[in-house]
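First the structure, in the form of structure tokens, and then the observations on it.
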Amino acid sequence: MMLSVAQRAGKPDYPWLVFLHGFSGDGNEWHETGERLPDYPALYVDLPGHGGSADVVVSGFADVSNLLTKTLLSYNIFDYWLVGYSLGGRIAMYHATRGPAGLRGLVVEGGHPGLQSAPEREARRQSDARWASRFRNEPLEVVFNDWYQQPVFASLNDVQRHDLIALRSQNQGQSLAAMLQATSLGEQDDLRAALVERDYPFYYVYGEKDARFGAIATELNAQRHVIPHAGHNAHRENPDAFAACLAQILRLRIKDTP
């Protein structure tokens, strides 16, 4: 079993950009960013429970990481950057800390490195279980209307919120619920120490209006980049600035590569 993906060719000898979307999204979320970086071949991954991988069921982060490894091997991708947003950023960090062959660098947008206490993890598991129950049993439009009222999405205006609710409601509630619980922040290891021990560059990107993840960024041993005029989903809210930031990161690393 592998993950559903879309791919786009780039120039020879350029590393791949492997894009991982956030919860309730799919690989299409990253196409606009990828198209702004045409030199780089791109792989747009649908995570388990989402898009073309909606029927893929996993039990936790290790399963997702193993599926990602198999998928990359099947496309002969041996030189790549991981670029992940939110849930995709958490999966990217987990995968990177497993020491995968061929990983050139890590770019995380608004991803949490892990809770640091057992009570916090238990509270998050319970919260995600309540959301999962709603995803299984209520119309998705109703659930997402409440989902996007959470403080982390406070920067969205009414039109942006309405558009996201309509887009996300095309998902399958059962599949979302299963993935939400399998990859709950309450089930995630605290990855801070492992990320310190890394042997690859790590960049953390967040929107200037995203106070929560701006604070988290200061806890990480990563080079930090702030996207102006954007909240939690910076690559969607300010795609030009995000793509320019990513291009700058990649140019610098290619310049430094022997």
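Ordering of the structure tokens sets the chain letters (A, B, ...), residue numbers begin anew at 1 in every chain, and ligands are numbered from 1 in the order given.
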
Which polymer residues have any atom within 9 Å of an atom of A:Trp131, counting only C-alpha atoms, with same-chain residues fewer than 4 positions away left out, as number ranges by chain? A: 126-127, 135-136, 143, 147, 177, 180

Would you mind exporting the chosen residues as an mmCIF file, in the first residue's frame, restricted to N, CA, C and O atoms?
```cif
data_model
loop_
_atom_site.group_PDB
_atom_site.id
_atom_site.type_symbol
_atom_site.label_atom_id
_atom_site.label_comp_id
_atom_site.auth_asym_id
_atom_site.auth_seq_id
_atom_site.Cartn_x
_atom_site.Cartn_y
_atom_site.Cartn_z
ATOM 1 N N GLN A 126 -8.454 13.561 24.559
ATOM 2 C CA GLN A 126 -9.880 13.659 24.838
ATOM 3 C C GLN A 126 -10.552 14.689 23.930
ATOM 4 O O GLN A 126 -11.666 14.459 23.431
ATOM 5 N N SER A 127 -9.889 15.816 23.711
ATOM 6 C CA SER A 127 -10.432 16.833 22.828
ATOM 7 C C SER A 127 -10.582 16.300 21.408
ATOM 8 O O SER A 127 -11.627 16.486 20.754
ATOM 9 N N PHE A 135 -17.141 14.433 13.757
ATOM 10 C CA PHE A 135 -16.879 14.170 12.334
ATOM 11 C C PHE A 135 -17.591 12.905 11.866
ATOM 12 O O PHE A 135 -18.029 12.814 10.725
ATOM 13 N N ARG A 136 -17.720 11.926 12.763
ATOM 14 C CA ARG A 136 -18.384 10.669 12.394
ATOM 15 C C ARG A 136 -19.906 10.814 12.335
ATOM 16 O O ARG A 136 -20.552 10.103 11.568
ATOM 17 N N VAL A 143 -19.769 20.764 11.499
ATOM 18 C CA VAL A 143 -18.554 20.554 12.293
ATOM 19 C C VAL A 143 -17.477 21.566 11.914
ATOM 20 O O VAL A 143 -16.844 22.182 12.783
ATOM 21 N N TRP A 147 -15.196 24.174 13.837
ATOM 22 C CA TRP A 147 -13.745 23.938 13.770
ATOM 23 C C TRP A 147 -13.001 25.246 13.478
ATOM 24 O O TRP A 147 -12.003 25.559 14.119
ATOM 25 N N ALA A 177 -12.081 11.394 10.899
ATOM 26 C CA ALA A 177 -12.104 11.055 12.323
ATOM 27 C C ALA A 177 -11.003 10.057 12.668
ATOM 28 O O ALA A 177 -10.302 10.205 13.684
ATOM 29 N N LEU A 180 -7.622 11.812 12.503
ATOM 30 C CA LEU A 180 -7.489 12.779 13.589
ATOM 31 C C LEU A 180 -7.039 12.090 14.871
ATOM 32 O O LEU A 180 -6.149 12.593 15.580
#
```

Find the residues near stretch 181-189 of chain A: any atom within 6 Å, counting only C-alpha atoms, skip ones fewer than 3 places away on the same chain, and give them as an MDAnalysis selection string. chainID A and resid 59:60 114 121 124:125 178

Could you pull out the alpha helix (DSSP H) residues of stretch 106-159 of chain A from DSSP and send them as a VMD selection string? chain A and resid 118 to 137 140 to 147 158 to 159

Where in stretch 8-139 of chain A does DSSP assign strand (DSSP E), given as number ranges by chain? A: 8, 16-20, 42-45, 80-85, 103-109

Proximity of stretch 36-106 of chain A to stretch 237-243 of chain A: per-residue shortest pair, 12 Å limit, only C-alpha atoms, as JSON lines:
```
{"residue": "A:Arg36", "atom": "CA", "partner": "A:Ala243", "partner_atom": "CA", "distance": 6.4}
{"residue": "A:Leu37", "atom": "CA", "partner": "A:Ala243", "partner_atom": "CA", "distance": 7.4}
{"residue": "A:Pro38", "atom": "CA", "partner": "A:Ala243", "partner_atom": "CA", "distance": 11.1}
{"residue": "A:Val83", "atom": "CA", "partner": "A:Ala243", "partner_atom": "CA", "distance": 11.5}
{"residue": "A:Tyr85", "atom": "CA", "partner": "A:Phe242", "partner_atom": "CA", "distance": 11.7}
```

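The gap separating atom CA of A:His21 from atom CA of A:His50 is 9.5 Å, in Å to one decimal.
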
Give me, as a count of residues only, all polymer residues having an atom no more than 12 Å from A:Leu73, counting only C-alpha atoms and skipping those fewer than 5 positions away in the same chain. 11

Using only C-alpha atoms, pick whichever of A:Pro139, A:Pro113, A:Gly27, A:Pro201 has the shortest atom-to-atom distance to A:Leu220. A:Pro113

Within 8 Å of A:Trp81, counting only C-alpha atoms, which residues qualify if same-chain residues fewer than 4 places away don't, as a ChimeraX atom specification? /A:15-18,103-107

Mind checking which residues fall within 9 Å of A:Phe23, counting only C-alpha atoms, ignoring those fewer than 3 positions away in the same chain, and posting them as a PyMOL selection string? chain A and resi 26+47+50+85-88+176+179-180

Filtering to C-alpha atoms, could you give me those residues as a JSON list (two decimals), in the first residue's frame?
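The result, stored in out.json:
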```
[["chain", "number", "residue", "atom", "x", "y", "z"],
["A", 26, "ASP", "CA", -5.14, 17.27, 0.27],
["A", 47, "LEU", "CA", -2.13, 11.88, 3.59],
["A", 50, "HIS", "CA", -7.60, 12.53, 2.79],
["A", 85, "TYR", "CA", 1.87, 22.46, 7.01],
["A", 86, "SER", "CA", 0.19, 21.89, 10.42],
["A", 87, "LEU", "CA", -0.60, 18.14, 10.55],
["A", 88, "GLY", "CA", 1.69, 17.72, 7.55],
["A", 176, "LEU", "CA", -11.10, 12.31, 8.88],
["A", 179, "MET", "CA", -6.83, 10.08, 10.99],
["A", 180, "LEU", "CA", -7.49, 12.78, 13.59]]
```

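Atom pair atom CA of A:Gly173 / atom CA of A:Ser4 has a distance of 18.6 Å (rounded to one decimal).
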
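Closest approach to A:Gly49 from the set A:Asn171, A:Leu191, A:Arg251, A:Asp158 is made by A:Asn171, with distances taken over only C-alpha atoms.
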
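Of the listed residues (A:Gly111, A:Pro151, A:Gly25, A:Gly34), A:Gly25 comes nearest to A:Gly52; the distances count only C-alpha atoms.
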
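Atom CA of A:Ile227 to atom CA of A:Phe144 spans 25.2 Å [interatomic distance, one decimal].
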
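Between A:Ala244 and the candidates A:Ala166, A:Phe19, A:Pro228, A:Leu43, the tightest atom-to-atom separation, counting only C-alpha atoms, involves A:Pro228.
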
List as a CSV table (one decimal) with C-alpha atoms, in the first residue's frame the protein and nucleic acid residues near A:Phe153, meaning an atom at most 12 Å away when only C-alpha atoms are counted, but skip any in the same chain fewer than 5 places from it.
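Final output, saved to part10.csv:
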```csv
chain,number,residue,atom,x,y,z
A,110,GLY,CA,2.8,26.0,11.8
A,144,PHE,CA,-16.2,22.7,10.2
A,145,ASN,CA,-18.2,25.8,11.0
A,146,ASP,CA,-17.2,25.2,14.6
A,147,TRP,CA,-13.7,23.9,13.8
A,148,TYR,CA,-12.8,27.2,12.1
A,158,ASP,CA,-15.8,35.6,7.0
A,160,GLN,CA,-12.1,32.9,4.0
A,161,ARG,CA,-13.9,30.9,6.7
A,164,LEU,CA,-12.7,26.8,3.8
A,207,GLY,CA,2.3,33.8,9.8
A,209,LYS,CA,-0.8,36.9,12.9
A,210,ASP,CA,-0.3,33.4,14.3
A,211,ALA,CA,0.7,34.2,17.9
A,212,ARG,CA,0.5,30.6,19.2
A,213,PHE,CA,2.9,29.2,16.6
A,230,ALA,CA,-1.0,35.9,7.3
A,231,GLY,CA,-2.3,33.7,10.1
A,232,HIS,CA,-1.9,30.0,10.7
A,233,ASN,CA,-2.3,28.9,7.1
A,234,ALA,CA,0.4,31.3,5.7
A,237,GLU,CA,-3.3,33.5,3.0
```

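Checking A:Ile216, A:Ala9, A:Val58, A:Leu82 one by one against A:Leu250, counting only C-alpha atoms, you find the shortest gap at A:Leu82.
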
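Using only C-alpha atoms, the nearest neighbour of A:Ile165 within the list A:Val5, A:Val152, A:Val142, A:Ile91 is A:Val142.
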